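Visitor: After the structure tokens below, expect a handful of questions from me.
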Amino acid sequence: MDRKPLEQNTLLGFMASIVLAGIKFAAGLFGHSTALLADAIESLADTLGSLLVWHALRVAARPADPRYPYGYGKAEALASLGIGSLLVLAALYIVYEGFHQIAIPHAAPESWTLLVLVIIIVVKEGLFRLVHRGAQQFDSDAARADAWHHRSDAITSLAAFVGVSLAIYGPDLFGWPQLVIADEVAAILASGVILLTARSLIIPAMRELLDAATPAMATRIATLVSQVEGVEDVEQVLVRKSGTGFLADMHMHVPGELSVQVAHDLTGKIKAMLRQEIPSLVTILIHVEPAVQAGSIVTSSNETG
């Protein structure tokens with residue numbers, strides 16, 4: 001399956017993030033908005049994340065070779081882990097900067113910064129939808145991470161919009177001068193959303209890197225194989241994710257009187273069937289055993305038993 005749309009979406013997100021980060025930084029600096037400056041820092045992390053994902057997708061698309069016989073798919077998980085880490089750092093910086101600015105007396109931001117934030121929110125949400133659609137189509141964790149990074153950026157910009165609005169109009173509207181710090185408070189609250197997003201990226205990446213079980217895929221494979229004529233039972237199915245693909249190992253029981261040649265031909269037939277039914281299966285290892293009377297077990301655990 002051609003993965004170029006993933007790379008094109010990521011490159012588009014990268015270029016847009018560079019432009020938006022520059023706009024937000026300039027608007028925050030000249031418009032006197034701490035939330036916009038903090039948002040610019042988050043966008044910079046977004047930009048670096050898009051660059052990381054773009055490179056990871058190119059690496060993951062490489063075919064397996066003697067040095068990496070299982071392919072380069074886990075480069076995507078490493079990219080997701082890296083993006084999640086960048087989000088954590090961005091969130092911590094936003095919290096630090098927000099509390100620092102709250103302690104310093106300052107004027108409200110300029111009103112024109114609100115228009116800048118509206119434009120940024122619309123563009124970032126559009127990028128999220130574009131990249132996420134491609135990630136779902138190709139089942140790419142790295143592209144999915146990149147998409148959610150765009151949405152987290154949109155959320156921080158939305159929080160900044162609310163905060164800047166309260167900081168500008170709140171003191172006169174509610175007669176409470178202290179509302180001028182709403183700009184910084186919004187940035188701090190948005191950092192919590194960023195941390196949640198980072199968690200949603202880091203945990204799946206860690207599961208993939210540690211070869212966590214994928215029960216649904218294991219059960220599907222066992223069901224398909226058990227329906228093939230000549231297969232007596234499926235004892236064990238181990239499946240692990242690598243990028244957009246899956247690596248499967250299984251133990252299959254066949255009649256004991258089958259010759260080695262017939263059993264070999266049967267495994268070839270099963271592999272062809274599985275690749276047709278589940279295109280995301282990139283590696284299938286089948287261990288053939290003579291049928292036994294004991295009850296069979298189908299498992300997705302990584303224990304070799």
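In the structure tokens, the first chain shown is A, the next is B, and so on; residue numbers restart at 1 for each chain, and ligands run from 1 in the order shown.
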Please list as a ChimeraX atom specification every residue within 9 Å of Leu195 of chain A, counting only C-alpha atoms and excluding residues in the same chain fewer than 5 positions away.
Guide: /A:84,87-88,90-92,190,200
Visitor: Could you pull the residues within 12 Å of Phe138 of chain A, counting only C-alpha atoms, minus those fewer than 4 positions along the same chain, as a list in words?
Guide: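 Counting only C-alpha atoms, the residues come to Met1, Asp2, Arg3, Lys4, Pro5, Leu6, Glu7, Leu57, Ala61, Val131, His132, Arg133, Gly134, Ala142, Ala143, Arg144, Gly243, Thr244, Gly245, Pro279 and Ser280 of chain A.
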Visitor: Looking at only C-alpha atoms, which of A:Leu37, A:Ile121, A:Val185, A:Leu238 is the one that sits closest to Ala103 of chain A?
Guide: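 Going through A:Leu37, A:Ile121, A:Val185, A:Leu238 one by one, the smallest distance to Ala103 of chain A is for A:Val185.
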Visitor: Give the answer as one residue: which of A:Ala182, A:Ala16, A:Ala27, A:Val95 has the shortest atom-to-atom distance to Leu115 of chain A, using only C-alpha atoms?
Guide: A:Ala27
Visitor: For Ser165 of chain A, list every protein, DNA or RNA residue within 9 Å, evaluated using only C-alpha atoms, and leave out those in the same chain fewer than 4 positions away; present the list as number ranges by chain.
Guide: A: 109, 111, 114, 160-161, 169-170, 182-183
Visitor: Suppose you want the space between atom CA of Pro290 of chain A and atom CA of Arg220 of chain A; what is it in Å?
Guide: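 For atom CA of Pro290 of chain A relative to atom CA of Arg220 of chain A, the distance reads 22.5 Å.
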Visitor: Quick one: everything within 12 Å of Ile221 of chain A, counting only C-alpha atoms, minus sequence neighbours fewer than 6 positions away in the same chain. Send it as a ChimeraX atom specification.
Guide: /A:214-215,227-228,234-239,246-252,270-271,273-281,284,286,298-300
Visitor: As an exercise, work out the distance from atom CA of Ser33 of chain A to atom CA of Leu173 of chain A in Å and give it to one decimal place.
Guide: 19.4 Å
Visitor: Between A:Leu29, A:Ala212, A:Ala159, A:Ala222, which has the minimum distance to Ser191 of chain A (counting only C-alpha atoms)?
Guide: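 The closest residue to Ser191 of chain A is A:Ala159.
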Visitor: Once DSSP has gone over the backbone, tell me which residues of segment 121-238 of chain A are in strand (DSSP E or B), as a list in words.
Guide: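 Result set for segment 121-238 of chain A (strand (DSSP E or B)): Asp233, Val234, Glu235, Gln236, Val237 and Leu238 of chain A.
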Visitor: Store the residues picked out above, limited to N, CA and C atoms, as a PDB file, in the first residue's frame.
Guide:
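Everything below was put into part.pdb:
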```pdb
ATOM      1  N   ASP A 233      -5.831 -28.275  14.745  1.00  0.00           N
ATOM      2  CA  ASP A 233      -5.979 -27.337  15.858  1.00  0.00           C
ATOM      3  C   ASP A 233      -4.930 -26.244  15.789  1.00  0.00           C
ATOM      4  N   VAL A 234      -5.188 -25.148  16.491  1.00  0.00           N
ATOM      5  CA  VAL A 234      -4.228 -24.056  16.641  1.00  0.00           C
ATOM      6  C   VAL A 234      -3.905 -23.954  18.121  1.00  0.00           C
ATOM      7  N   GLU A 235      -2.650 -24.234  18.454  1.00  0.00           N
ATOM      8  CA  GLU A 235      -2.281 -24.285  19.872  1.00  0.00           C
ATOM      9  C   GLU A 235      -1.945 -22.909  20.435  1.00  0.00           C
ATOM     10  N   GLN A 236      -1.274 -22.102  19.648  1.00  0.00           N
ATOM     11  CA  GLN A 236      -0.787 -20.833  20.186  1.00  0.00           C
ATOM     12  C   GLN A 236      -0.602 -19.831  19.065  1.00  0.00           C
ATOM     13  N   VAL A 237      -1.043 -18.596  19.293  1.00  0.00           N
ATOM     14  CA  VAL A 237      -0.838 -17.516  18.329  1.00  0.00           C
ATOM     15  C   VAL A 237      -0.265 -16.318  19.079  1.00  0.00           C
ATOM     16  N   LEU A 238       0.882 -15.859  18.637  1.00  0.00           N
ATOM     17  CA  LEU A 238       1.534 -14.684  19.230  1.00  0.00           C
ATOM     18  C   LEU A 238       1.600 -13.594  18.164  1.00  0.00           C
TER      19      LEU A 238
END
```
Visitor: Excluding Leu51 of chain A and residues on its chain fewer than 2 positions from it, collect all residues at most 9 Å away from it, counting only C-alpha atoms, and give them as a list in words.
Guide: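 Near neighbours after the sequence-gap exclusion: Thr10, Leu11, Gly13, Phe14, Asp46, Thr47, Leu48, Gly49, Val53, Trp54, His55 and Ala56 of chain A.
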Visitor: Using only C-alpha atoms, find the one residue out of A:Val254, A:Arg240, A:Trp148, A:Ile202 that sits nearest to Ser226 of chain A.
Guide: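 The shortest atom-to-atom distance to Ser226 of chain A comes from A:Val254.
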Visitor: Could you pull out the alpha helix (DSSP H) residues of segment 44-283 of chain A, going by DSSP on the backbone, and write them as a PyMOL selection string?
Guide: chain A and resi 44-60+75-102+113-138+141-174+182-209+215-226+260-277
Visitor: Between atom CA of Lys241 of chain A and atom CA of Leu78 of chain A, what distance in Å does the model show, to one decimal?
Guide: 12.9 Å
